[in-house]
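> input21.txt (compact mmCIF, C-alpha atoms and all ligand atoms) pasted underneath:
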```
# COMPACT_ATOMS: atom_id res chain seq x y z
CA HIS A 1 0.00 0.00 0.00
CA PHE A 2 1.68 3.20 -1.19
CA SER A 3 1.73 6.40 0.70
CA THR A 4 0.17 9.37 -1.11
CA ILE A 5 1.62 12.85 -1.25
CA TYR A 6 -0.99 15.48 -0.45
CA ALA A 7 0.35 18.79 -1.67
CA ILE A 8 -1.31 21.95 -0.41
CA THR A 9 -0.79 24.91 -2.75
CA PRO A 10 -2.21 28.42 -2.29
CA THR A 11 -2.53 30.30 -5.57
CA HIS A 12 -3.62 33.81 -6.47
CA THR A 13 -4.74 35.60 -9.61
CA ARG A 14 -2.04 37.52 -11.47
CA PRO A 15 -0.82 37.72 -15.08
CA GLU A 16 1.86 35.08 -14.48
CA GLN A 17 -0.41 32.61 -12.66
CA LYS A 18 -1.22 30.28 -15.51
CA ALA A 19 2.40 30.17 -16.64
CA ASP A 20 3.56 29.25 -13.13
CA LEU A 21 0.81 26.66 -12.69
CA THR A 22 1.48 25.13 -16.10
CA ARG A 23 5.17 24.71 -15.43
CA LEU A 24 4.51 23.22 -12.02
CA SER A 25 1.80 20.85 -13.23
CA TYR A 26 4.11 19.41 -15.88
CA ALA A 27 6.54 18.38 -13.15
CA LEU A 28 3.71 16.94 -11.05
CA ARG A 29 2.57 14.73 -13.92
CA PHE A 30 5.63 12.59 -13.29
CA VAL A 31 4.72 11.95 -9.64
CA ARG A 32 2.66 8.85 -8.86
CA ASN A 33 0.25 8.68 -5.92
CA PHE A 34 -0.03 12.40 -5.79
CA HIS A 35 -3.04 14.49 -4.79
CA TRP A 36 -2.93 18.22 -5.41
CA ILE A 37 -5.03 20.45 -3.17
CA LEU A 38 -5.02 23.81 -4.93
CA ILE A 39 -6.63 26.66 -3.02
CA GLU A 40 -7.32 29.96 -4.68
CA ASP A 41 -7.04 33.21 -2.77
CA SER A 42 -10.46 34.38 -3.94
CA GLU A 43 -14.12 34.48 -3.02
CA GLU A 44 -14.98 32.02 -5.78
CA LYS A 45 -13.07 29.45 -7.76
CA THR A 46 -12.03 31.02 -11.05
CA GLU A 47 -12.78 29.60 -14.45
CA LEU A 48 -9.11 29.91 -15.37
CA VAL A 49 -8.00 27.56 -12.60
CA MET A 50 -11.01 25.28 -13.06
CA LYS A 51 -10.19 24.75 -16.74
CA PHE A 52 -6.49 24.46 -16.05
CA LEU A 53 -7.06 21.67 -13.51
CA SER A 54 -9.58 19.78 -15.60
CA LYS A 55 -7.02 19.30 -18.37
CA SER A 56 -4.08 18.80 -16.02
CA HIS A 57 -4.19 14.95 -15.87
CA LEU A 58 -3.64 15.25 -12.10
CA ASN A 59 -5.63 14.07 -9.08
CA TYR A 60 -6.79 17.27 -7.51
CA THR A 61 -9.13 19.08 -5.16
CA HIS A 62 -9.99 22.67 -6.03
CA LEU A 63 -10.96 25.05 -3.22
CA SER A 64 -11.05 28.77 -2.60
CA ILE A 65 -11.00 31.20 0.29
CA PRO A 66 -10.15 34.90 0.16
CA THR A 67 -7.52 36.55 2.32
CA PRO A 68 -9.34 39.24 4.37
CA GLU A 69 -8.96 42.72 2.90
CA GLU A 70 -6.81 44.06 5.76
CA TYR A 71 -4.25 41.29 5.18
CA LYS A 72 -4.24 41.39 1.39
CA MET A 73 -1.02 42.35 -0.33
CA LYS A 74 -1.24 45.59 -2.26
CA SER A 75 0.68 45.52 -5.52
CA ARG A 76 3.17 48.07 -4.17
CA ASP A 77 3.68 46.35 -0.83
CA PRO A 78 7.04 44.68 -0.36
CA ASN A 79 6.35 40.95 -0.51
CA TRP A 80 7.34 40.32 3.10
CA LEU A 81 4.90 42.81 4.64
CA LYS A 82 1.93 40.44 4.85
CA PRO A 83 1.69 36.71 5.41
CA ARG A 84 0.81 34.88 2.19
CA GLY A 85 -1.33 31.79 1.71
CA VAL A 86 -2.29 31.42 5.38
CA LEU A 87 -6.04 30.87 5.14
CA GLN A 88 -5.58 28.89 1.94
CA ARG A 89 -3.17 26.41 3.60
CA ASN A 90 -5.58 26.13 6.53
CA LEU A 91 -8.45 25.29 4.21
CA GLY A 92 -6.26 22.60 2.68
CA LEU A 93 -5.47 21.20 6.14
CA ASN A 94 -9.14 21.27 7.01
CA TRP A 95 -10.02 19.39 3.81
CA ILE A 96 -7.50 16.71 4.75
CA ARG A 97 -8.83 16.38 8.28
CA GLN A 98 -12.44 16.20 7.06
CA ASN A 99 -12.00 13.94 4.04
CA LEU A 100 -9.21 11.52 4.87
CA LYS A 101 -9.29 8.85 7.57
CA PRO A 102 -6.32 7.99 9.78
CA ASP A 103 -6.89 4.25 9.42
CA GLU A 104 -7.57 4.34 5.67
CA HIS A 105 -5.12 6.82 4.22
CA ARG A 106 -1.35 6.73 4.45
CA GLY A 107 0.54 9.73 3.28
CA VAL A 108 2.54 12.88 3.62
CA VAL A 109 1.51 16.53 3.54
CA TYR A 110 3.70 19.01 1.65
CA PHE A 111 3.14 22.78 1.48
CA MET A 112 4.07 23.78 -2.06
CA ASP A 113 4.05 27.31 -3.44
CA ASP A 114 2.85 27.79 -7.00
CA ASP A 115 6.01 29.52 -8.24
CA ASN A 116 8.78 27.33 -6.80
CA THR A 117 10.74 24.73 -8.75
CA TYR A 118 10.67 21.10 -7.64
CA ASP A 119 12.87 18.24 -8.82
CA ILE A 120 10.53 15.25 -8.93
CA GLU A 121 13.06 13.28 -6.87
CA ILE A 122 11.99 15.26 -3.80
CA PHE A 123 8.61 13.51 -3.79
CA GLU A 124 10.21 10.08 -3.45
CA GLU A 125 12.51 11.46 -0.74
CA MET A 126 9.54 12.62 1.33
CA ARG A 127 7.20 9.72 0.57
CA ASN A 128 8.28 7.56 3.53
CA THR A 129 8.40 10.39 6.07
CA LYS A 130 7.76 8.99 9.56
CA LYS A 131 7.12 12.28 11.29
CA VAL A 132 8.73 15.27 9.57
CA SER A 133 11.38 15.14 6.86
CA VAL A 134 13.63 18.05 5.88
CA TRP A 135 16.04 19.06 3.09
CA PRO A 136 17.78 22.16 1.72
CA VAL A 137 15.98 24.88 -0.26
CA ALA A 138 17.97 26.91 -2.79
CA LEU A 139 17.72 30.60 -3.74
CA VAL A 140 16.25 31.81 -0.48
CA GLY A 141 17.17 34.01 2.47
CA ASP A 142 19.70 35.94 0.38
CA LEU A 143 21.79 32.78 0.11
CA ARG A 144 22.42 30.23 -2.65
CA TYR A 145 20.69 27.81 -0.33
CA GLU A 146 19.53 27.34 3.24
CA SER A 147 19.73 23.95 4.90
CA PRO A 148 19.30 22.09 8.13
CA VAL A 149 22.72 21.29 9.59
CA VAL A 150 23.11 17.53 9.89
CA VAL A 151 25.60 15.91 12.28
CA ARG A 152 25.82 12.12 12.45
CA GLY A 153 22.49 11.77 10.72
CA LYS A 154 20.60 14.18 13.01
CA VAL A 155 19.55 17.79 12.53
CA ASN A 156 21.25 20.00 15.11
CA GLY A 157 20.79 23.52 13.73
CA TRP A 158 20.32 25.72 10.71
CA PHE A 159 22.57 26.93 7.92
CA THR A 160 20.53 30.11 7.62
CA PHE A 161 21.63 33.75 7.79
CA TRP A 162 18.23 35.29 8.44
CA LYS A 163 16.82 34.80 11.96
CA PRO A 164 18.68 31.53 12.67
CA GLU A 165 17.25 31.69 16.20
CA ARG A 166 13.85 30.60 14.89
CA PRO A 167 12.81 27.18 16.28
CA PHE A 168 12.65 25.86 12.69
CA ALA A 169 14.69 28.27 10.56
CA MET A 170 13.68 26.90 7.21
CA ASP A 171 11.42 27.64 4.27
CA MET A 172 7.96 26.10 3.75
CA ALA A 173 9.35 24.16 0.77
CA GLY A 174 11.94 22.45 2.99
CA PHE A 175 9.84 20.00 4.95
CA ALA A 176 6.99 17.47 4.72
CA VAL A 177 4.80 16.04 7.47
CA ASN A 178 3.30 12.57 7.89
CA LEU A 179 -0.51 12.53 7.76
CA ASP A 180 -0.70 10.97 11.23
CA VAL A 181 0.97 14.05 12.71
CA ILE A 182 -1.72 16.18 11.05
CA PHE A 183 -4.48 13.96 12.46
CA SER A 184 -3.09 13.69 15.98
CA ASN A 185 -2.73 17.48 16.31
CA PRO A 186 -6.14 18.66 15.14
CA ASP A 187 -5.65 22.15 16.57
CA ALA A 188 -2.53 22.95 14.55
CA TRP A 189 -3.23 25.73 12.05
CA PHE A 190 -1.39 28.53 10.30
CA SER A 191 -2.03 31.99 11.71
CA LEU A 192 -2.30 35.51 10.33
CA GLN A 193 -0.86 36.86 13.60
CA VAL A 194 2.54 35.21 13.35
CA GLN A 195 5.57 37.52 13.06
CA ARG A 196 7.48 37.69 9.83
CA GLY A 197 9.40 34.50 9.03
CA TYR A 198 7.77 32.41 11.72
CA GLN A 199 5.05 30.59 9.72
CA GLU A 200 7.16 27.43 9.43
CA SER A 201 8.19 27.51 13.09
CA SER A 202 4.65 28.19 14.19
CA ILE A 203 3.01 25.30 12.34
CA LEU A 204 5.76 22.81 13.23
CA THR A 205 5.68 23.81 16.90
CA SER A 206 1.91 23.49 17.03
CA LEU A 207 2.24 20.04 15.41
CA GLY A 208 4.34 19.07 18.42
CA VAL A 209 7.52 18.62 16.39
CA LYS A 210 10.96 18.68 18.07
CA MET A 211 14.29 19.21 16.35
CA GLN A 212 15.31 15.64 17.17
CA ASP A 213 12.25 14.35 15.28
CA LEU A 214 13.47 15.74 11.96
CA GLU A 215 14.49 13.21 9.32
CA PRO A 216 17.15 14.60 6.96
CA LYS A 217 16.54 13.66 3.30
CA ALA A 218 18.30 14.44 0.01
CA GLN A 219 21.49 12.63 1.00
CA ASN A 220 21.69 14.03 4.50
CA CYS A 221 20.68 17.48 3.24
CA THR A 222 23.53 17.72 0.72
CA LYS A 223 21.44 17.75 -2.48
CA ILE A 224 19.40 20.61 -3.86
CA LEU A 225 16.03 19.37 -5.09
CA VAL A 226 13.89 22.46 -4.44
CA TRP A 227 14.43 26.06 -5.52
CA HIS A 228 12.55 29.04 -4.10
CA THR A 229 12.25 30.65 -7.54
CA ARG A 230 10.10 33.73 -8.01
CA THR A 231 8.57 34.78 -11.29
CA GLU A 232 9.34 38.35 -12.26
CA LYS A 233 6.26 40.58 -12.42
CA THR A 234 5.67 41.46 -16.06
CA LYS A 235 5.23 45.16 -16.74
CA LEU A 236 1.93 45.70 -18.47
CA LYS A 237 2.20 49.41 -19.09
CA ASN A 238 1.23 49.08 -22.77
CA GLU A 239 -1.88 47.02 -22.12
CA GLU A 240 -4.34 49.82 -21.62
CA LEU A 241 -3.31 51.81 -24.67
CA MET A 242 -3.47 48.69 -26.81
CA ARG A 243 -6.92 47.80 -25.52
CA ARG A 244 -8.18 51.28 -26.26
CA SER A 245 -6.97 51.27 -29.84
CA TYR A 246 -8.07 47.70 -30.60
CA GLY A 247 -11.16 47.71 -28.43
CA ARG A 248 -10.62 44.30 -26.90
CA GLY A 249 -9.21 42.59 -23.86
CA SER A 250 -6.27 40.28 -23.74
CA ASN A 251 -7.72 36.93 -22.65
N1 LIG B 301 -0.33 33.75 -2.40
C1 LIG B 301 -1.68 33.89 -2.14
N2 LIG B 301 -2.21 35.17 -2.01
C2 LIG B 301 -1.44 36.30 -2.11
C3 LIG B 301 -0.06 36.14 -2.37
C4 LIG B 301 0.47 34.86 -2.49
O1 LIG B 301 -2.41 32.90 -2.07
O2 LIG B 301 -1.98 37.42 -1.98
C5 LIG B 301 0.24 32.40 -2.58
C6 LIG B 301 1.16 32.28 -3.79
O3 LIG B 301 0.43 32.01 -4.96
C7 LIG B 301 2.13 31.19 -3.38
C8 LIG B 301 2.20 31.36 -1.85
O4 LIG B 301 1.05 32.09 -1.46
O5 LIG B 301 1.66 29.89 -3.69
C9 LIG B 301 3.46 32.13 -1.42
O6 LIG B 301 3.45 33.41 -2.03
P1 LIG B 301 4.69 34.00 -2.84
O7 LIG B 301 5.17 32.97 -3.82
O8 LIG B 301 4.33 35.33 -3.38
O9 LIG B 301 5.74 34.14 -1.66
P2 LIG B 301 7.31 34.28 -1.69
O10 LIG B 301 7.83 33.61 -2.94
O11 LIG B 301 7.57 35.73 -1.71
O12 LIG B 301 7.76 33.59 -0.46
MN MN B 302 7.09 32.27 -4.21
```
Can you dump the structure from the file as structure tokens?
Ligand code: UDP
Ligand code: MN

Amino acid sequence: HFSTIYAITPTHTRPEQKADLTRLSYALRFVRNFHWILIEDSEEKTELVMKFLSKSHLNYTHLSIPTPEEYKMKSRDPNWLKPRGVLQRNLGLNWIRQNLKPDEHRGVVYFMDDDNTYDIEIFEEMRNTKKVSVWPVALVGDLRYESPVVVRGKVNGWFTFWKPERPFAMDMAGFAVNLDVIFSNPDAWFSLQVQRGYQESSILTSLGVKMQDLEPKAQNCTKILVWHTRTEKTKLKNEELMRRSYGRGSN
């Protein structure tokens, strides 16, 4: 009986969204026993994402929940000002707790962003996670990579410049959690109140995880299999003029 990877991905509407989702979905097509929970940051599911998923060839669940107005990123906000994807990840967790059964489903939960880059090897690395598995993430924290520090097979700290004093000083893309841990800690949720950079520490702490529980993967955290890539925002300054002279939209 194989363990399934349940990936929880928040996604939001922007010009680059479909490009990011397309690229990601083509990697995910190679992953067996994979279930994608894609949660839109919006009041309603959009037709764009609905159509995209229906032709994706993936197992998926499509949900939506909007980030409250006071927490929404404005386009001129620096990206770190507001927490991103919080309510969406919680809705994904809630779906898992409501729809999967501890005695029926074996698997691993992974919080994936829609613009990162994933080597498909990482999914086989995480598939047999007992409690929480960890690995390096590249292109993050103003470093070529951040990584758990592994000594004699155990994690004993963080190769991280930014706030290394955090209980779990790693990126969301750098760990996966066994389903049982999600079920046995039903009150563990992400929070909009958490200070900057503490989302990962907050969820792992509330899941009852200790540093000594962490299982280093990717050859004892020496291989890069995940990149925190970010898609450049396309300037659309010619759009409006073009629309006015041609009298049509761009979709
Ligand atoms: N996201 C969201 N709503 C937003 C901004 C971001 O749901 O208003 C999602 C986004 O699509 C991504 C995740 O939250 O899957 C992390 O956001 P982002 O990639 O912008 O974060 P960063 O790369 O800066 O860490
Ligand atoms: Mn990102």
> Quick one: residues within 9 Å of region 28-36 of chain A, only C-alpha atoms counted, chain neighbours fewer than 2 positions away excluded, as a list of chain:residue names?
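Final neighbour list, sorted by chain and number: A:Phe2, A:Ser3, A:Thr4, A:Ile5, A:Tyr6, A:Ala7, A:Ile8, A:Thr9, A:Leu24, A:Ser25, A:Tyr26, A:Leu38, A:Ser56, A:His57, A:Leu58, A:Asn59, A:Tyr60, A:Thr61, A:His62, A:Tyr118, A:Ile120, A:Glu121, A:Phe123, A:Glu124.
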> I'd like the contact shell of Thr222 (chain A) - 12 Å cut-off, all atoms listed in the file, skipping same-chain residues fewer than 5 positions apart - returned as a compact mmCIF listing (two decimals) with C-alpha atoms, in the coordinates of the input.

```txt
# COMPACT_ATOMS: atom_id res chain seq x y z
CA VAL A 134 13.63 18.05 5.88
CA TRP A 135 16.04 19.06 3.09
CA PRO A 136 17.78 22.16 1.72
CA VAL A 137 15.98 24.88 -0.26
CA ALA A 138 17.97 26.91 -2.79
CA TYR A 145 20.69 27.81 -0.33
CA GLU A 146 19.53 27.34 3.24
CA SER A 147 19.73 23.95 4.90
CA PRO A 148 19.30 22.09 8.13
CA VAL A 149 22.72 21.29 9.59
CA VAL A 150 23.11 17.53 9.89
CA VAL A 151 25.60 15.91 12.28
CA GLY A 153 22.49 11.77 10.72
CA PHE A 159 22.57 26.93 7.92
CA PRO A 216 17.15 14.60 6.96
CA LYS A 217 16.54 13.66 3.30
```
> Can you work out which one of A:Met211, A:Ile182, A:Leu53, A:Leu192 has the shortest atom-to-atom distance to Tyr110 (chain A), counting only C-alpha atoms?
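Of the candidates, the smallest distance to Tyr110 (chain A) is held by A:Ile182.
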> If you measure from CA of Ile65 (chain A) to CA of Glu104 (chain A), what distance in Å do you get, rounded to one decimal?
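Here the two named atoms are 27.6 Å from each other.
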> Just give me the gap between CA of Asn178 (chain A) and CA of Phe52 (chain A) in Å, one decimal is fine.
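About the pair CA of Asn178 (chain A) and CA of Phe52 (chain A): they are 28.5 Å apart.
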